[in-house]
Every structure is written in C-alpha cells, then in structure tokens.
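Heads up, the thing below is written out as structure tokens.
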Amino acid sequence: MRTKQEYLIRYKDGNLYCELADVWIDPSKPVKNALITHAHFDHFTFGCEEYISTKETAILLKERVGDNIKIKTFEYGEEFKINGINISFHPSGHILGSSQIRFIFAEEKWLISGDFKLQKDETCQQYEIVKTDYLISECTFGLPIFKWDESNKIANDISKWISNSPEKTSLLFCYSLGKAQRLLNEISQTNFKGNIYSHGSIHKMNNIYRELGIDIKDTIKIENKKKIDELKGSLILLPPSLSKGSYLKNFKNIQTAFASGWMSIRALRKRSGYDKGFPISDHADWDGILEVVKKSEAKNVFFHHGDSEALSKFLIEKESINVLFFGK
Amino acid sequence: MSLKNFSELFVDLDSSNSTNNKIEFLKNYFLSNDPIDNSWAIYLLTGKSNKRFISGRYLKNLFSQIYEYPQWLIDTCYLKVGDSAEVITLLLKNKTNSRKKKLSNISLNELLSEIIPALSKLNEEEKNLEIKNLWETLPEDNHLIFNKILTGTFRVGVSIGLITKSISKLINIEEEIISHRLMGNFVPSIDSYEFLINKTINLQELNSKPFPFLLANTIEDKIFKNSINDFQFEWKYDGIRMQLIKRSGNVSLWTRGQELVNESFPELVEKMSHIKDDFVLDGELLVWNFKEQIAFDFSLLQKRINRKSPTRSIQKKYPIIFIAYDLLEINGKDIREIKLENRRIELEKYFSKWQNKTENNISNIFKICDLIFPKNWTDALTYKEKSRENNTEGLIIKKKTSIYSFGRKKGIWWKYKVDPMQLDAVLIYAKGGSGRRAGLYTDYSFALWKDQELIKFASAYSGLTNIEIKELDKWIRKNTIEKFGPVRSLKPEMVFEISFEKIQISKRHKSGIAVRFPRITKWRKDKKINDADSIENAYELMKKIL
C-alpha cells in the first residue's frame, strides 16, 4: 500500500494537484499552471500564470476571464508532455469544450473525469470511454434515486408547460453556459413554435456556441421594459441568480420553472420556490457513474464533488471495486 | 385512461401555487372523467382515505428483496427524499419492463375498489408477488400515486375548501351547500358524486350532517377600537370542537374534522336523546373536573378520543361534558342567519327548559358556556391572563350582531390566546426532516441545565424561517459530535427561546417535566449557553401557574 503523497495526483489545499508536472486541475486559487476541464465558474479562477485547455474551453474562458490571459490549447486526444508526464484531453460530454484529462507516467494511467454525462447532447461532443488504472470521478448525483429521462421527453414537457398557459410568460431558469444551449437545441425540436428570449448572459454564450459551429436556435435578447403583451405565451431563459430579487418585477403574469437534476426530488422542487421543476442535468446519473467506473476498467477509484459515501460503499460491497479516499 | 388522468392531475396540482389554476385543473378533471372516478378523486384529494395498506418500511424492504438492493442504500436515499413512496418510485424508474404495461388503461376506480382492497386478503407471499406484478404492469407515471395510496401517504396541497370551490364553480351553486354536502363520511360512489353535483338542493339528504363550522381568527389590533359592548366573550376551551345534532330523534356527534364520533361518547348520545326538541348545537367536548368545575388537561381527553365503546369504568374515570356555545337549528328551523345575541337568548331559553325536566337528567354531562363580561379592553386582558387558572387557552370574542357563517370568516370571531410560557434552551440534537424538509436538519431537541449537565426537555420542529433553517443546517453539519442513524448530537453552543402552552410534571421524561406545543420563537444568537435556563427555572414556571 502506498501513502497518499506518492499518488501521481492528490489533493492539495482543496484542489487536485500533480506534483511531478507541477500542474493544478481546475484550481480555485491563482497558480502557475492550471489545467481547465471546462469553463463553468466553479472550475477556474482568475489570475493563473498559464491556463491549458481545449480550444473551445479557451474561447469560453477568454470570454469570462478576459482576452489577455495566457492560454495554451490542445485538441481532444492530442498528447502533450509536462515534465515527462503525458497528458491529454478527452470529451466528457458535459458542455461545449468540456474534457476529461488523462495523465500517463511510467506506464501508470490516471484519469480525471471532470464533470461529465453520457446522455445525448447535440451541443457538445459525446463522452469518450477512456481506459485507466486510476479514476478520479465526480459524483454530484451519486445516489440511485437519480435516473434521468431522455432529454427530448423533458423538452416536450417544457413545451407543454408553456402552451398550457398561453396567457402567461414562461420563465425558465437554467445555467447560462451549457444547459441553456442544450435546452434551446432540444426545445427547437418540439412543437413549441413561439418566441424564445434569453437574458444577456445566455445570449452571449449562444453566440459563441453558434460561432463554434453548434446549431442553436436564434433567440431574442431580452430587454427590460418589453411590452407585456409581446411576451405572452413566449419562453424566456434566465440564469438562476435572477430568480430571487427584484428582476422578476419586470414581468407580469408569469410562471417559473427551474431546469436542474435536483428537481427530480419533490421536496427540493417544493422548497425551490419555482412553480415547476424540470429534472435535466449535464452531470451523470447513478447508472452513468457506474457505467463509467466499469468501462474505464479502473482498478482504483476516487470520488470528489458530491456525497460519495453511499456510492463508495456500494462499489466496494457489490462491485468489489477498490475505492480510495484523498486526505484533505 | 383515468388513472393516468389522475396522475397528471396530481402533477398539475402539485406544481401549481395558484389557487385559480388549481380550481381550473380540478374543474377540467371533473368534466372529463367518469362520476365514479371523480368520486374517488375527491375521496383521495380531501384526505378521507388515509388507510395504510402497508407501511413505508415494508415497501422499502420489499423493493430491497425483489431487486436485491442493500437496505442501507435505500435508507440513504430516503434521507434525501423524505418519503418512502417517492423513494421507491424513483428507484423503480427504468427497472420495470415496459412491454408488460398491460394495465395502462386501468381506472382509478378499479385500482381503489378492486386491486388494492384485494391485496389485504392475500397472505404475505402472495401480496409481495402481487405488488411486484403491479409495479411491472402499471405505467411508470402511475407509480407514485400507487405507492402513496398503498402506504396511506397520499397528500397534495388541496384543501377541502378548494374542492368545494371547484365544484361550486362547476355547477354554479353556493359554496355553503357544497361544503355541507362534503361534510362527514364521504363514501366514494356514483351516487355520492351525483349528490355532490346535484343542482337541486334536497334538504332531506342533508339531515344528519353538521353545518360547516365557523372558525375564529387570531386577534387583530383594530378590534380594540370598537366598543366592548359590541362583543360576546367566552372562555376558549382546549377540547374537541363539535356539533351535537338531534334530528328526528337521532343524535349525532360531529367533530370539526368531520368525523362522526357517537361510538366514543355513548353516554352523551344516550342522555341527549331524552330531550324532546330537535336541535343543532355548536360546542366543545371536554373531560371535566366536576368538583372544581374546570376542564381537565387535554391529555385526559386523548384517552377517550380514539377509544370506541368505552367501558363504564373508563366513562367514570374520564367523565366528559359537552359545553354548548351556540344554537344553530331548533326543531327543524335553521337559525344561523339570526344575530348571535338573539341565538344566545334562544340557547339559554331552551337550556333552562331542558334542564328543568328531571327525566332528562342532563346537568352532569351538558351545559352552556358561561359568558364573561369585561368592563373594558384592559379588563378583557386581565381575564385572558387568568385563563390558565381555569385551564382554558384564553378568550373567544364574538361580534354580537354576527350570523353563523362558515370557515375562517374575517371580522366576526377572534381568539385571544394567553401568551405562551418561555424558556431559553440549548440545542443538543438534530434530526433530518421528512417531506418538504427532507435533506435538511429540521427536527431539533433542546436541553436545560441541571447542575453542570444539559438535560433534554423538549423537541421542536417549527418556528424558524426557511433562511434560518438553512443557516442552522449548515452549522449542524459543521458542529456534529456524533451521528446515530439520522440523529446528530451537537456541540452545545446555540441557544433558542422555546415557547409552549403548558408545563407539568412527567415521570416519563428524564427532565421530569413535559411541555405542550413547544416551538421555537427566537434564535438567541445574543446568548451563550451559560445564559440558558435551568430545570429549576422550569419548576418555578410551574409553581407560578399552580
């Protein structure tokens, strides 16, 4: 049994760190070298000396951090070396540009799953099965109560929800990067043919997606002081941060909904304060996590980003997989 | 089709916060389904069916057995979801083979009148097989409804009032009539639904049923601007609110929860049936201390409530009394539209008539409530403060000119409750909540000092705002000393003001005291644990009221 310090990748100051390469993965504080799995705000920070990511992530990152950052990009599957360690990005199916990162050193393979999902999503590359010896996986939804419906079913539910209340303006809250574009793509394939508006933060991301060749329905940027009648029967996409506070006073006669994996639980749905919840997630559900653990053929698995207690116990007892724990 | 329709109705009702929308959903449901299914829908939605066919634990065990799922994993999921029926529904997703969904056209009536009752006739093995079979043959959308009915936990945010409103709108008849028709036992059948939506009102059919109860609102400041003479004052008893009905010689006792409870209080039914007149009385049932002429504690009444056909010795040990507040109907004449002050005159007149007939012999089981006559509002306050002495909860204030309407009508009846007693106590345990509060620590236990030790004295669930609950939940997770299943013992640090209604000696509790209706009234962030109250303080509180 080796000690924690000897692992190729370990936890340091609350972040994943590879000492031999001196690179951090999605660090939450400024460092010299930061490998970035994807451009969600909780996966990067301002002020790193150098960022390394896929091309798409780099473009999104520049939009969020600023044009003047130093950033090196690689294609999916392209191997590069840092201090003799082979590193490569592989699609993780979470959002556009999102990746898993594989490390190979002395014939030992490590894979950091990043945030991932296996479900269909036409706005980003499909998850790629990557074989590894050590797997570090997220487990945001690591309980068997989480089982996602097909995304087109959810899109049809959303379409029905809007058309059932033609007198109302339907506000759908969702993350502005990734979820919003996936929803737009899905909703444009349903019977809903009304107007779709999006908040500035979402609109900006839509444009980047489109520039990168992703087929997204054109939406109208929502302006304050729109005439109420114009909005009747239409759909407006907004980031969740606007659901509380005075922003909603701009609208009259509304119904609200939140698109998130957590909405599959009634108690959370009720507590959320939205009228309705649509359970759709860009993370893997329980079966998805198990599938990745098995197909990666990893002999050792670590979990982070979630409550891993039950998942770990299940894998150890039922699947005889060696689950390891990082010290804090 | 209709079970599917009902499942959809449930989803719609569950995900709407607007009363008008809910009424629309209900109306549309009633319009597009068979009377018998509508009848069952009303039965379920009004919570008339809480029969538990199997327990939540049983359901979880069964799932664990059939699908070889470890019990601990299901329990962990339960902590997140807070409802056994829903956990199993979520776990069943994609588990069952869709080709076998032959029950996709089943009606709500078939499920409730045939399939589920048939389960109780089976032995355990057959029952398990049948439930598995139903899981596999019912479409997935119906699993939640099915599991909830099985476990007797079907509840949705629909009140009787809402059903009343939607039926009233459906057939264009006043809510009072519908409300009256919905009172008491609602037996799901085509007839009961057709009776409910009958556009002609038939008095005969309404005969044995109580009137919708009129309820008091919490006191409002504006009332003090009025003259004290505009109001009638009564003690607020802590018993069971009831209507005592005698029509065509038959006595029926109806609780506010619309239960017919004749069987629990046979001595009252027997005595009242001797009275010659027919009547409907609104009042309170209490276990009575005849020596001191005050009510005994509610806990003694509890010994009578759930006991059907009580023996003579039980009747003697817990002697009951019915205290009438109001006369609503006399010899077939509905007098609810007469002013309260005049109804009171009638009540007194008839009471003395009945009392004077010795063959009635009703005085040891029936009386009318005494009125209180405060000279001014300050005087009323003094009465209220004294209410603990006679074991009442405060005062009920009624506008003398009011008619007997129904529901929590504004501006005519008020309750003026005595201020609660309070102690500052230390939070020592927390437990995960269920239902809407699943996944959060919302059930708390509090302790008082005894010498150098903190002794648990009460548990409370309510009183914090949602924001405070979340904040406290975070603190609890960071300050846990030990976990025992769903319970965490906590670092003693947080002090809360706990309010309660009653305090008494209890041998069952380690602290030696028991309190009634404990609730959190303030998070005393300004206090350190050494500032919290001691058991001695609690005893002093007890002395004060004795």
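To be explicit about the labels: the chains of the structure tokens are called A, B, and onward in the order shown, and within each one the residues are counted from 1, while ligands get numbers from 1 in the order they are shown.
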
Range 113-118 of chain A: which residues within 7 Å, counting only C-alpha atoms, same-chain residues fewer than 5 positions away excluded, as a list of chain:residue names?
->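 Here the answer would be A:Thr37, A:Ser92, A:Gly93, A:His94, A:Ser99, A:Gln100, A:Ile101, A:Tyr127, A:Ile136, A:Ser137, A:Glu138, A:Asp282, A:His283, A:Ala284, A:Gly288.
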
Written file, previous selection with C-alpha atoms, as an mmCIF file, in the first residue's frame:
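Result went into part-v2.cif, see below:
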data_model
loop_
_atom_site.group_PDB
_atom_site.id
_atom_site.type_symbol
_atom_site.label_atom_id
_atom_site.label_comp_id
_atom_site.auth_asym_id
_atom_site.auth_seq_id
_atom_site.Cartn_x
_atom_site.Cartn_y
_atom_site.Cartn_z
ATOM 1 C CA THR A 37 -11.645 20.857 -17.681
ATOM 2 C CA SER A 92 -16.595 14.494 -21.222
ATOM 3 C CA GLY A 93 -19.995 15.357 -22.727
ATOM 4 C CA HIS A 94 -20.752 17.971 -20.009
ATOM 5 C CA SER A 99 -12.950 17.378 -21.065
ATOM 6 C CA GLN A 100 -11.615 14.558 -19.033
ATOM 7 C CA ILE A 101 -7.872 14.738 -18.507
ATOM 8 C CA TYR A 127 -18.421 11.349 -23.730
ATOM 9 C CA ILE A 136 -10.933 10.400 -10.202
ATOM 10 C CA SER A 137 -14.623 10.890 -10.837
ATOM 11 C CA GLU A 138 -17.206 13.468 -9.897
ATOM 12 C CA ASP A 282 -25.416 17.858 -17.513
ATOM 13 C CA HIS A 283 -23.995 15.508 -14.900
ATOM 14 C CA ALA A 284 -24.141 11.739 -14.984
ATOM 15 C CA GLY A 288 -23.946 6.803 -15.700
#

Shell around range 41-50 of chain B at 6 Å using only C-alpha atoms, local window under 3 positions removed, as a ChimeraX atom specification = /B:38,152,160

Neighbours of chain B in chain A at 12 Å, counting only C-alpha atoms, as a VMD selection string | chain A and resid 141 to 150 157 160 to 161 164 to 165 168 253 to 258 262 to 278 286 to 287 307 to 315 317 to 318

In Å, rounded to a single decimal, give me how far CA of Gln422 in chain B is from CA of Phe517 in chain B.
->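 Result for CA of Phe517 in chain B versus CA of Gln422 in chain B: 11.4 Å, one decimal.
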
Distance criterion (only C-alpha atoms): nearest to Asp34 in chain B out of B:Tyr237, B:Tyr193, B:Trp377, B:Phe53 =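 Looking only at the distances to Asp34 in chain B, the closest residue turns out to be B:Tyr193.
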